[in-house]
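Asks: Dropping the structure in here first, questions after.
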Amino acid sequence: MKKATLVLDDGTRFEGESFGYEGNVAGEVVFNTAMTGYPESLTDPSYAGQLMTLTYPLVGNYGVPSDEKGADGIAPFMESDRIYASGLIVGDYSEVFSHWNARESLSDWLRREKVPGITGIDTRHLTQVLREHGVMMGKIIVEGASEQPADIDYNSINYVDLVSVPEIVTYGAGEGRKRVVLVDCGAKNNIVRCLLNRGVEVVRVPWNYDFNTLQFDGLFLSNGPGNPEACSEAVDNIRKFISNPEEKRPLMGICMGNQLLAKAAGATIYKLKYGHRSHNQPVRMEGTDRCFITSQNHGFAVDPSTLEEGWKPYFTNMNDGSNEGICHESKPWFSSQFHPEASGGPVDTEFLFDEFINLL
C-alpha cells in the first residue's frame, strides 16, 4: 500500500494508506453511519461526486458480489451498473474477505472501476469534524500519483444529468399490465425491482423528459444526486402534471423525487449541515404515533412551511425535525425523503410501494 492523504478544504489533513485505484480525486466529503451495505452504497448514483466516509470501522470483510445482470436487465446485487462515489474513506480495510456470493475483493473492485480508496483514517475524528463544520470539499492524494484533481463546486454541477439514462428503457412489458413511468434522476435498481415485483410495466425516462406526452397509469420520481435546484426542467414537467385539475393518476417520489415534487408544489429547498446517510434514521408519520427506521442518503431537505395550499407533511425526522415526505390532501400524490426500497438497510417502509400500486 502506498501512502495517501485526505485533505479537507479547511486545511485539515488525515494520513493513511491507499487501496483500490492509485489516483488522486476531489469531491464532497460526506459520512455514512451504516454498518453494512458498501456495494449498494457505492453503486447508488446519489453518491456521484462525493468522497464517501464509512464510520463503521471494519470494511471489506465480505467482499463484493457479482455485477452480472439478471433476466430483468439489472444486476441483482448492485444498485446501478457501476460505482458512482468518487472515492472511499475507511478506518480499517480488510484484505481478507469471506461471503457466499463474494466474487472479488473491495480493493480489486475499486481498482477495476478506477475509484481511489484510503484506509487507516481516524473516521471517528473525521466525522466529528464534518458534524461540527458541515460537509466540505476534499481531496484524496496518493503518493506517486501524477494527475492533480480539478477543483469542483459540488453544488453548481447538475449531477442528475450525468447519471440519468440517456434514452427510454422499458422493463416488464406485458399485455394487461399497468404502466408506471419512472423519472430517472439517478434511480437505484431496487426501485425498479420493487415495482416489477408488484406486476407492473416500468418505463424509465430521462430526468428532463416530458412524460406528460406518454400514456401511463402512475408516475414515479426517483432518487438522485446533487442540488435539486439544477433540475428545473423536471420540476416544470412535474408542475404541469400536478397543476391539471383533472389529473387523478397516482404519483410517488423518493429522496430527490420528494424534493422535486415539493419544488413543483411551491416549496423551497435548503442544504442540511451534514445530511442524512445511514440505515437507522427514525421517522414518524404525521398525525400518528407510527414510527419507522429508515435508510437515507440525502444532503438537502424540504421546508414544509413553504408548501402551497393543498399539500402537507407526510413524515418527519425524529432526530432533527426535518421533513421526510409530503402528500396531497385530496389527490393520490405522496413522496418520502427516505428510501423505502432500502438496499441496503431496513425494509420497514416498503409498504409505500404497495400503497402506490393499489392506487393504480
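FYI, nothing fancy with the C-alpha cells labels: chains A, B, ... in order, residues from 1 per chain, ligands from 1 as they appear.
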Among region 248-322 of chain A, which residues carry a DSSP assignment of alpha helix (DSSP H), reported as JSON, numbers by chain?
Replies: {"A": [256, 257, 258, 259, 260, 261, 262, 263, 264]}
Asks: For region 336-352 of chain A, list every protein, DNA or RNA residue within 7 Å, evaluated using only C-alpha atoms, and leave out those in the same chain fewer than 2 positions away; present the list as a list in words.
Replies: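 My list of contacting residues is Gly37, Glu40, Asn190, Ile191, Cys194, Gly253, Ile254, Cys255, Asn258, His279, Phe292, Ile293, Thr294, Ser295, Gln296, Glu324, Gly325, Ile326, Asp354, Glu355 and Phe356 of chain A.
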Asks: How about saving the chosen residues, all heavy atoms kept, as a compact mmCIF listing (two decimals), in the first residue's frame?
Replies:
```
# COMPACT_ATOMS: atom_id res chain seq x y z
N GLY A 37 -23.47 -2.81 3.74
CA GLY A 37 -24.08 -2.30 2.51
C GLY A 37 -23.17 -1.46 1.64
O GLY A 37 -23.65 -0.68 0.83
N GLU A 40 -23.92 -1.68 -2.19
CA GLU A 40 -25.12 -0.93 -2.56
C GLU A 40 -24.88 0.57 -2.52
O GLU A 40 -25.30 1.31 -3.41
CB GLU A 40 -26.29 -1.29 -1.63
CG GLU A 40 -26.78 -2.73 -1.75
CD GLU A 40 -26.06 -3.69 -0.80
OE1 GLU A 40 -24.95 -3.36 -0.34
OE2 GLU A 40 -26.62 -4.76 -0.50
N ASN A 190 -33.12 -1.11 -7.01
CA ASN A 190 -34.16 -1.73 -6.20
C ASN A 190 -35.51 -1.02 -6.31
O ASN A 190 -36.54 -1.60 -5.98
CB ASN A 190 -33.74 -1.81 -4.72
CG ASN A 190 -34.39 -2.99 -4.02
OD1 ASN A 190 -34.54 -4.06 -4.61
ND2 ASN A 190 -34.80 -2.81 -2.78
N ILE A 191 -35.52 0.21 -6.78
CA ILE A 191 -36.81 0.85 -7.08
C ILE A 191 -37.47 0.11 -8.24
O ILE A 191 -38.66 -0.20 -8.19
CB ILE A 191 -36.60 2.34 -7.42
CG1 ILE A 191 -36.16 3.12 -6.18
CG2 ILE A 191 -37.88 2.94 -8.01
CD1 ILE A 191 -35.88 4.58 -6.44
N CYS A 194 -38.64 -3.34 -6.96
CA CYS A 194 -39.84 -3.27 -6.13
C CYS A 194 -41.09 -3.05 -6.98
O CYS A 194 -42.17 -3.56 -6.65
CB CYS A 194 -39.71 -2.16 -5.09
SG CYS A 194 -38.61 -2.54 -3.72
N GLY A 253 -42.84 9.68 -5.02
CA GLY A 253 -41.46 10.11 -5.17
C GLY A 253 -40.60 9.62 -4.03
O GLY A 253 -41.09 9.37 -2.93
N ILE A 254 -39.30 9.49 -4.30
CA ILE A 254 -38.33 9.07 -3.29
C ILE A 254 -37.12 10.00 -3.33
O ILE A 254 -36.57 10.27 -4.40
CB ILE A 254 -37.86 7.62 -3.53
CG1 ILE A 254 -38.99 6.62 -3.25
CG2 ILE A 254 -36.64 7.27 -2.68
CD1 ILE A 254 -38.63 5.17 -3.57
N CYS A 255 -36.71 10.51 -2.16
CA CYS A 255 -35.48 11.26 -1.98
C CYS A 255 -35.45 12.51 -2.87
O CYS A 255 -36.16 13.47 -2.61
CB CYS A 255 -34.28 10.35 -2.21
SG CYS A 255 -32.73 11.00 -1.53
N ASN A 258 -38.82 13.49 -3.80
CA ASN A 258 -39.56 14.26 -2.80
C ASN A 258 -39.26 15.76 -2.95
O ASN A 258 -40.16 16.60 -2.89
CB ASN A 258 -39.18 13.79 -1.40
CG ASN A 258 -39.83 14.59 -0.30
OD1 ASN A 258 -41.05 14.62 -0.15
ND2 ASN A 258 -39.03 15.27 0.51
N HIS A 279 -28.61 3.86 7.89
CA HIS A 279 -29.69 2.87 7.82
C HIS A 279 -30.57 2.92 9.07
O HIS A 279 -31.38 2.01 9.27
CB HIS A 279 -29.12 1.46 7.68
CG HIS A 279 -28.44 1.21 6.39
ND1 HIS A 279 -27.65 0.09 6.16
CD2 HIS A 279 -28.41 1.93 5.23
CE1 HIS A 279 -27.18 0.13 4.93
NE2 HIS A 279 -27.61 1.24 4.35
N PHE A 292 -40.89 4.65 12.11
CA PHE A 292 -40.21 3.68 11.27
C PHE A 292 -38.71 3.96 11.27
O PHE A 292 -38.29 5.12 11.37
CB PHE A 292 -40.73 3.74 9.83
CG PHE A 292 -42.22 3.65 9.72
CD1 PHE A 292 -42.99 4.80 9.67
CD2 PHE A 292 -42.86 2.42 9.67
CE1 PHE A 292 -44.37 4.73 9.56
CE2 PHE A 292 -44.25 2.34 9.57
CZ PHE A 292 -45.01 3.50 9.51
N ILE A 293 -37.92 2.90 11.15
CA ILE A 293 -36.48 3.03 10.97
C ILE A 293 -36.21 2.97 9.48
O ILE A 293 -36.65 2.04 8.80
CB ILE A 293 -35.70 1.93 11.71
CG1 ILE A 293 -36.02 2.00 13.20
CG2 ILE A 293 -34.21 2.10 11.49
CD1 ILE A 293 -35.66 3.31 13.87
N THR A 294 -35.48 3.95 8.96
CA THR A 294 -35.36 4.09 7.51
C THR A 294 -33.91 4.20 7.05
O THR A 294 -33.02 4.60 7.79
CB THR A 294 -36.11 5.35 7.02
OG1 THR A 294 -35.46 6.52 7.55
CG2 THR A 294 -37.56 5.33 7.47
N SER A 295 -33.73 3.85 5.77
CA SER A 295 -32.45 4.04 5.08
C SER A 295 -32.50 5.39 4.37
O SER A 295 -33.50 5.72 3.72
CB SER A 295 -32.25 2.91 4.07
OG SER A 295 -31.08 3.11 3.31
N GLN A 296 -31.42 6.17 4.50
CA GLN A 296 -31.43 7.51 3.91
C GLN A 296 -30.08 7.85 3.28
O GLN A 296 -29.04 7.34 3.68
CB GLN A 296 -31.79 8.57 4.96
CG GLN A 296 -33.16 8.37 5.58
CD GLN A 296 -33.69 9.59 6.28
OE1 GLN A 296 -33.21 10.70 6.08
NE2 GLN A 296 -34.71 9.40 7.11
N GLU A 324 -39.53 14.61 5.98
CA GLU A 324 -39.19 13.31 5.42
C GLU A 324 -40.21 12.83 4.39
O GLU A 324 -40.26 11.66 4.05
CB GLU A 324 -39.06 12.27 6.53
CG GLU A 324 -37.85 12.46 7.44
CD GLU A 324 -36.53 12.13 6.78
OE1 GLU A 324 -36.56 11.66 5.63
OE2 GLU A 324 -35.47 12.34 7.40
N GLY A 325 -41.06 13.75 3.92
CA GLY A 325 -42.03 13.37 2.91
C GLY A 325 -43.20 14.33 2.90
O GLY A 325 -43.47 15.01 3.91
N ILE A 326 -43.89 14.40 1.76
CA ILE A 326 -45.08 15.25 1.66
C ILE A 326 -46.19 14.46 0.99
O ILE A 326 -45.95 13.41 0.37
CB ILE A 326 -44.80 16.53 0.85
CG1 ILE A 326 -44.44 16.19 -0.60
CG2 ILE A 326 -43.68 17.34 1.51
CD1 ILE A 326 -44.31 17.41 -1.50
N ASP A 354 -46.64 -0.74 -1.99
CA ASP A 354 -47.96 -1.38 -2.07
C ASP A 354 -49.06 -0.34 -2.14
O ASP A 354 -50.03 -0.48 -2.90
CB ASP A 354 -48.17 -2.28 -0.85
CG ASP A 354 -47.19 -3.44 -0.79
OD1 ASP A 354 -46.86 -3.98 -1.86
OD2 ASP A 354 -46.74 -3.78 0.32
N GLU A 355 -48.92 0.74 -1.36
CA GLU A 355 -49.93 1.80 -1.38
C GLU A 355 -50.00 2.44 -2.76
O GLU A 355 -51.09 2.71 -3.28
CB GLU A 355 -49.62 2.84 -0.31
CG GLU A 355 -49.79 2.32 1.11
CD GLU A 355 -49.71 3.42 2.15
OE1 GLU A 355 -49.53 4.60 1.76
OE2 GLU A 355 -49.81 3.10 3.35
N PHE A 356 -48.83 2.66 -3.36
CA PHE A 356 -48.79 3.26 -4.69
C PHE A 356 -49.44 2.34 -5.73
O PHE A 356 -50.27 2.79 -6.53
CB PHE A 356 -47.33 3.56 -5.07
CG PHE A 356 -47.14 4.02 -6.49
CD1 PHE A 356 -47.58 5.26 -6.89
CD2 PHE A 356 -46.52 3.20 -7.42
CE1 PHE A 356 -47.40 5.70 -8.21
CE2 PHE A 356 -46.34 3.62 -8.73
CZ PHE A 356 -46.78 4.87 -9.12
```
Asks: Check the smallest atom-to-atom distance from each of A:Gly134, A:Arg284, A:Leu307, A:Ile238 to Gly266 (chain A) using only C-alpha atoms, then report the winner.
Replies: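 Ranked by minimum distance to Gly266 (chain A), first place goes to A:Leu307.
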Asks: Find the residues near Thr33 (chain A): any atom within 9 Å, counting only C-alpha atoms, skip ones fewer than 3 places away on the same chain, and give them as an NGL selection string.
Replies: :A and (53-56 or 277-280)
Asks: Which one of A:Gly218, A:Gly144, A:Glu201, A:Asn223 sits closest to Asp184 (chain A) if you count only C-alpha atoms?
Replies: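 Under the stated criterion, the closest residue is A:Asn223.
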Asks: Set the distance at 8 Å and use only C-alpha atoms: which residues neighbour Glu95 (chain A) once local chain neighbours fewer than 5 positions away are removed? I'd like the list as a list in words.
Replies: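 These residues fall inside the cut-off: Gly60, Asn61, Ser105 and Ser107 of chain A.
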Asks: Quick one: pick out all strand (DSSP E) residues within region 15-87 of chain A from a backbone DSSP run and write them as a PyMOL selection string.
Replies: chain A and resi 15-20+25-32+50-54+58-59+64-65+87
Asks: Next, the residues of the selection above should be written as a tab-separated table (two decimals), in the first residue's frame with N, CA, C and O atoms.
Replies:
```tsv
chain	number	residue	atom	x	y	z
A	15	GLU	N	-3.69	11.35	7.41
A	15	GLU	CA	-2.73	10.48	6.75
A	15	GLU	C	-3.20	9.03	6.82
A	15	GLU	O	-3.67	8.57	7.85
A	16	GLY	N	-3.06	8.31	5.71
A	16	GLY	CA	-3.46	6.92	5.68
A	16	GLY	C	-2.72	6.18	4.58
A	16	GLY	O	-1.64	6.59	4.15
A	17	GLU	N	-3.32	5.10	4.10
A	17	GLU	CA	-2.73	4.29	3.03
A	17	GLU	C	-3.74	4.11	1.92
A	17	GLU	O	-4.96	4.06	2.15
A	18	SER	N	-3.23	3.98	0.71
A	18	SER	CA	-4.07	3.82	-0.46
A	18	SER	C	-4.49	2.36	-0.65
A	18	SER	O	-3.72	1.45	-0.40
A	19	PHE	N	-5.72	2.15	-1.07
A	19	PHE	CA	-6.16	0.84	-1.58
A	19	PHE	C	-7.11	1.12	-2.73
A	19	PHE	O	-7.62	2.23	-2.89
A	20	GLY	N	-7.35	0.11	-3.55
A	20	GLY	CA	-8.14	0.36	-4.74
A	20	GLY	C	-7.30	1.04	-5.79
A	20	GLY	O	-6.10	0.74	-5.96
A	25	VAL	N	-8.17	12.29	-6.40
A	25	VAL	CA	-9.56	12.62	-6.71
A	25	VAL	C	-10.06	13.69	-5.76
A	25	VAL	O	-9.61	13.79	-4.61
A	26	ALA	N	-10.99	14.52	-6.23
A	26	ALA	CA	-11.63	15.54	-5.41
A	26	ALA	C	-13.12	15.28	-5.36
A	26	ALA	O	-13.70	14.66	-6.26
A	27	GLY	N	-13.77	15.72	-4.29
A	27	GLY	CA	-15.21	15.55	-4.15
A	27	GLY	C	-15.71	16.12	-2.84
A	27	GLY	O	-14.93	16.62	-2.02
A	28	GLU	N	-17.01	16.04	-2.65
A	28	GLU	CA	-17.62	16.48	-1.40
A	28	GLU	C	-17.50	15.34	-0.38
A	28	GLU	O	-17.94	14.22	-0.64
A	29	VAL	N	-16.89	15.63	0.76
A	29	VAL	CA	-16.65	14.60	1.78
A	29	VAL	C	-17.90	14.48	2.66
A	29	VAL	O	-18.31	15.45	3.30
A	30	VAL	N	-18.50	13.29	2.68
A	30	VAL	CA	-19.70	13.01	3.47
A	30	VAL	C	-19.45	11.75	4.28
A	30	VAL	O	-18.51	11.01	4.03
A	31	PHE	N	-20.31	11.50	5.28
A	31	PHE	CA	-20.16	10.28	6.07
A	31	PHE	C	-21.45	9.49	6.12
A	31	PHE	O	-22.55	10.04	6.12
A	32	ASN	N	-21.30	8.16	6.15
A	32	ASN	CA	-22.40	7.21	6.21
A	32	ASN	C	-22.19	6.32	7.43
A	32	ASN	O	-21.13	5.71	7.57
A	50	GLN	N	-19.08	12.45	-4.72
A	50	GLN	CA	-18.79	12.51	-3.28
A	50	GLN	C	-17.70	11.52	-2.87
A	50	GLN	O	-17.55	10.46	-3.48
A	51	LEU	N	-16.96	11.90	-1.83
A	51	LEU	CA	-16.00	11.01	-1.19
A	51	LEU	C	-16.70	10.44	0.03
A	51	LEU	O	-16.97	11.16	1.00
A	52	MET	N	-17.00	9.15	-0.02
A	52	MET	CA	-17.83	8.51	0.99
A	52	MET	C	-16.99	8.02	2.17
A	52	MET	O	-16.10	7.18	2.00
A	53	THR	N	-17.28	8.53	3.35
A	53	THR	CA	-16.65	8.06	4.58
A	53	THR	C	-17.57	7.05	5.25
A	53	THR	O	-18.73	7.36	5.53
A	54	LEU	N	-17.06	5.84	5.51
A	54	LEU	CA	-17.84	4.83	6.23
A	54	LEU	C	-17.38	4.83	7.68
A	54	LEU	O	-16.21	4.58	7.97
A	58	LEU	N	-14.68	-1.59	10.34
A	58	LEU	CA	-14.14	-2.66	9.51
A	58	LEU	C	-14.92	-2.74	8.20
A	58	LEU	O	-16.13	-2.98	8.21
A	59	VAL	N	-14.23	-2.56	7.09
A	59	VAL	CA	-14.88	-2.53	5.78
A	59	VAL	C	-14.14	-3.45	4.82
A	59	VAL	O	-12.92	-3.47	4.78
A	64	VAL	N	-17.13	-8.39	-2.49
A	64	VAL	CA	-18.03	-7.73	-3.42
A	64	VAL	C	-18.73	-8.80	-4.26
A	64	VAL	O	-18.07	-9.71	-4.78
A	65	PRO	N	-20.05	-8.72	-4.42
A	65	PRO	CA	-20.77	-9.72	-5.21
A	65	PRO	C	-20.62	-9.49	-6.70
A	65	PRO	O	-20.05	-8.49	-7.14
A	87	GLY	N	-14.78	8.47	-4.38
A	87	GLY	CA	-13.73	7.90	-3.56
A	87	GLY	C	-14.30	7.30	-2.29
A	87	GLY	O	-15.45	7.58	-1.92
```
Asks: At a cut-off of 9 Å, using only C-alpha atoms, what residues contact Asn155 (chain A)? Leave out same-chain residues fewer than 6 positions from it and give the result as a ChimeraX atom specification.
Replies: /A:226-227,230
Asks: Go ahead and dump the residues you just picked, all heavy atoms, as an mmCIF file, in the first residue's frame.
Replies:
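Generated file (again.cif):
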```
data_model
loop_
_atom_site.group_PDB
_atom_site.id
_atom_site.type_symbol
_atom_site.label_atom_id
_atom_site.label_comp_id
_atom_site.auth_asym_id
_atom_site.auth_seq_id
_atom_site.Cartn_x
_atom_site.Cartn_y
_atom_site.Cartn_z
ATOM 1 N N GLY A 226 -26.897 15.372 -5.903
ATOM 2 C CA GLY A 226 -26.667 16.791 -6.115
ATOM 3 C C GLY A 226 -27.790 17.709 -5.685
ATOM 4 O O GLY A 226 -28.675 17.345 -4.898
ATOM 5 N N ASN A 227 -27.734 18.910 -6.237
ATOM 6 C CA ASN A 227 -28.625 20.000 -5.857
ATOM 7 C C ASN A 227 -29.901 19.976 -6.701
ATOM 8 O O ASN A 227 -29.831 20.095 -7.934
ATOM 9 C CB ASN A 227 -27.889 21.328 -6.050
ATOM 10 C CG ASN A 227 -28.624 22.505 -5.461
ATOM 11 O OD1 ASN A 227 -29.809 22.437 -5.173
ATOM 12 N ND2 ASN A 227 -27.918 23.608 -5.284
ATOM 13 N N ALA A 230 -30.821 22.397 -9.691
ATOM 14 C CA ALA A 230 -30.313 22.243 -11.053
ATOM 15 C C ALA A 230 -31.297 21.523 -11.964
ATOM 16 O O ALA A 230 -31.033 21.384 -13.162
ATOM 17 C CB ALA A 230 -28.979 21.488 -11.030
#
```
Asks: Would you please work out which residue, of A:Leu6, A:Arg193, A:Met136, A:Leu88, is nearest to Pro76 (chain A) when using only C-alpha atoms?
Replies: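 Closest residue, counting only C-alpha atoms: A:Arg193.
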Asks: Identify, on the basis of only C-alpha atoms, every residue whose closest approach to Ile141 (chain A) does not exceed 7 Å; exclude the query and any residue fewer than 2 positions from it along the same chain; express the result as a compact mmCIF listing (two decimals) with C-alpha atoms, in the first residue's frame.
Replies:
```txt
# COMPACT_ATOMS: atom_id res chain seq x y z
CA ALA A 4 -2.32 8.54 0.89
CA THR A 5 -3.64 11.77 2.38
CA LEU A 6 -7.13 13.15 2.74
CA ASN A 24 -5.97 11.44 -6.93
CA VAL A 25 -9.56 12.62 -6.71
CA LYS A 139 -9.15 15.54 -1.98
CA GLU A 143 1.83 9.17 -3.14
```
Asks: Compile the contact shell of region 209-217 of chain A as an MDAnalysis selection string: residues with an atom at most 6 Å away, counting only C-alpha atoms, same-chain residues fewer than 2 positions apart removed.
Replies: chainID A and resid 179:180 206:207 237
Asks: Restricting it to all heavy atoms, dump the selection as a PDB file, in the first residue's frame.
Replies:
```pdb
ATOM      1  N   ARG A 179     -48.979   0.480 -16.357  1.00  0.00           N
ATOM      2  CA  ARG A 179     -47.713   1.086 -16.768  1.00  0.00           C
ATOM      3  C   ARG A 179     -47.343   2.231 -15.829  1.00  0.00           C
ATOM      4  O   ARG A 179     -48.144   3.139 -15.593  1.00  0.00           O
ATOM      5  CB  ARG A 179     -47.815   1.597 -18.196  1.00  0.00           C
ATOM      6  CG  ARG A 179     -46.566   2.329 -18.688  1.00  0.00           C
ATOM      7  CD  ARG A 179     -46.734   2.801 -20.112  1.00  0.00           C
ATOM      8  NE  ARG A 179     -46.837   1.667 -21.031  1.00  0.00           N
ATOM      9  CZ  ARG A 179     -47.144   1.796 -22.313  1.00  0.00           C
ATOM     10  NH1 ARG A 179     -47.407   2.993 -22.824  1.00  0.00           N
ATOM     11  NH2 ARG A 179     -47.210   0.730 -23.084  1.00  0.00           N
ATOM     12  N   VAL A 180     -46.112   2.171 -15.313  1.00  0.00           N
ATOM     13  CA  VAL A 180     -45.595   3.210 -14.431  1.00  0.00           C
ATOM     14  C   VAL A 180     -44.424   3.895 -15.122  1.00  0.00           C
ATOM     15  O   VAL A 180     -43.484   3.223 -15.565  1.00  0.00           O
ATOM     16  CB  VAL A 180     -45.130   2.622 -13.081  1.00  0.00           C
ATOM     17  CG1 VAL A 180     -44.436   3.690 -12.238  1.00  0.00           C
ATOM     18  CG2 VAL A 180     -46.318   2.043 -12.317  1.00  0.00           C
ATOM     19  N   PRO A 206     -35.503   9.643 -19.164  1.00  0.00           N
ATOM     20  CA  PRO A 206     -34.502  10.597 -18.683  1.00  0.00           C
ATOM     21  C   PRO A 206     -35.126  11.654 -17.774  1.00  0.00           C
ATOM     22  O   PRO A 206     -36.324  11.953 -17.882  1.00  0.00           O
ATOM     23  CB  PRO A 206     -33.974  11.226 -19.980  1.00  0.00           C
ATOM     24  CG  PRO A 206     -34.229  10.186 -21.032  1.00  0.00           C
ATOM     25  CD  PRO A 206     -35.507   9.523 -20.629  1.00  0.00           C
ATOM     26  N   TRP A 207     -34.311  12.245 -16.921  1.00  0.00           N
ATOM     27  CA  TRP A 207     -34.791  13.159 -15.889  1.00  0.00           C
ATOM     28  C   TRP A 207     -35.560  14.355 -16.444  1.00  0.00           C
ATOM     29  O   TRP A 207     -36.510  14.832 -15.822  1.00  0.00           O
ATOM     30  CB  TRP A 207     -33.602  13.658 -15.054  1.00  0.00           C
ATOM     31  CG  TRP A 207     -32.701  14.607 -15.794  1.00  0.00           C
ATOM     32  CD1 TRP A 207     -31.685  14.292 -16.638  1.00  0.00           C
ATOM     33  CD2 TRP A 207     -32.758  16.043 -15.760  1.00  0.00           C
ATOM     34  NE1 TRP A 207     -31.088  15.427 -17.130  1.00  0.00           N
ATOM     35  CE2 TRP A 207     -31.722  16.518 -16.614  1.00  0.00           C
ATOM     36  CE3 TRP A 207     -33.551  16.967 -15.090  1.00  0.00           C
ATOM     37  CZ2 TRP A 207     -31.478  17.873 -16.809  1.00  0.00           C
ATOM     38  CZ3 TRP A 207     -33.315  18.331 -15.288  1.00  0.00           C
ATOM     39  CH2 TRP A 207     -32.287  18.767 -16.134  1.00  0.00           C
ATOM     40  N   ASN A 237     -41.969  19.817 -15.614  1.00  0.00           N
ATOM     41  CA  ASN A 237     -42.796  18.699 -16.079  1.00  0.00           C
ATOM     42  C   ASN A 237     -43.708  18.192 -14.965  1.00  0.00           C
ATOM     43  O   ASN A 237     -44.876  17.840 -15.212  1.00  0.00           O
ATOM     44  CB  ASN A 237     -41.900  17.568 -16.582  1.00  0.00           C
ATOM     45  CG  ASN A 237     -41.164  17.927 -17.862  1.00  0.00           C
ATOM     46  OD1 ASN A 237     -41.646  18.722 -18.665  1.00  0.00           O
ATOM     47  ND2 ASN A 237     -39.997  17.340 -18.053  1.00  0.00           N
TER      48      ASN A 237
END
```
Asks: Could you tell me which of A:Gly186, A:Gly275, A:Gly199, A:Gly310 comes closest to Thr43 (chain A) if we count only C-alpha atoms?
Replies: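 Looking at the shortest contact to Thr43 (chain A), the residue is A:Gly186.
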Asks: From the options A:Tyr270, A:Phe334, A:Phe353, A:Phe97, which residue's atoms come nearest to Ser322 (chain A), counting only C-alpha atoms?
Replies: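 So, comparing all the options, the nearest one is A:Tyr270.
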Asks: Closest to Lys178 (chain A) among A:Asp92, A:Met137, A:Leu359, A:Glu309, using only C-alpha atoms?
Replies: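 Checking each of A:Asp92, A:Met137, A:Leu359, A:Glu309 against Lys178 (chain A), counting only C-alpha atoms, the winner is A:Leu359.
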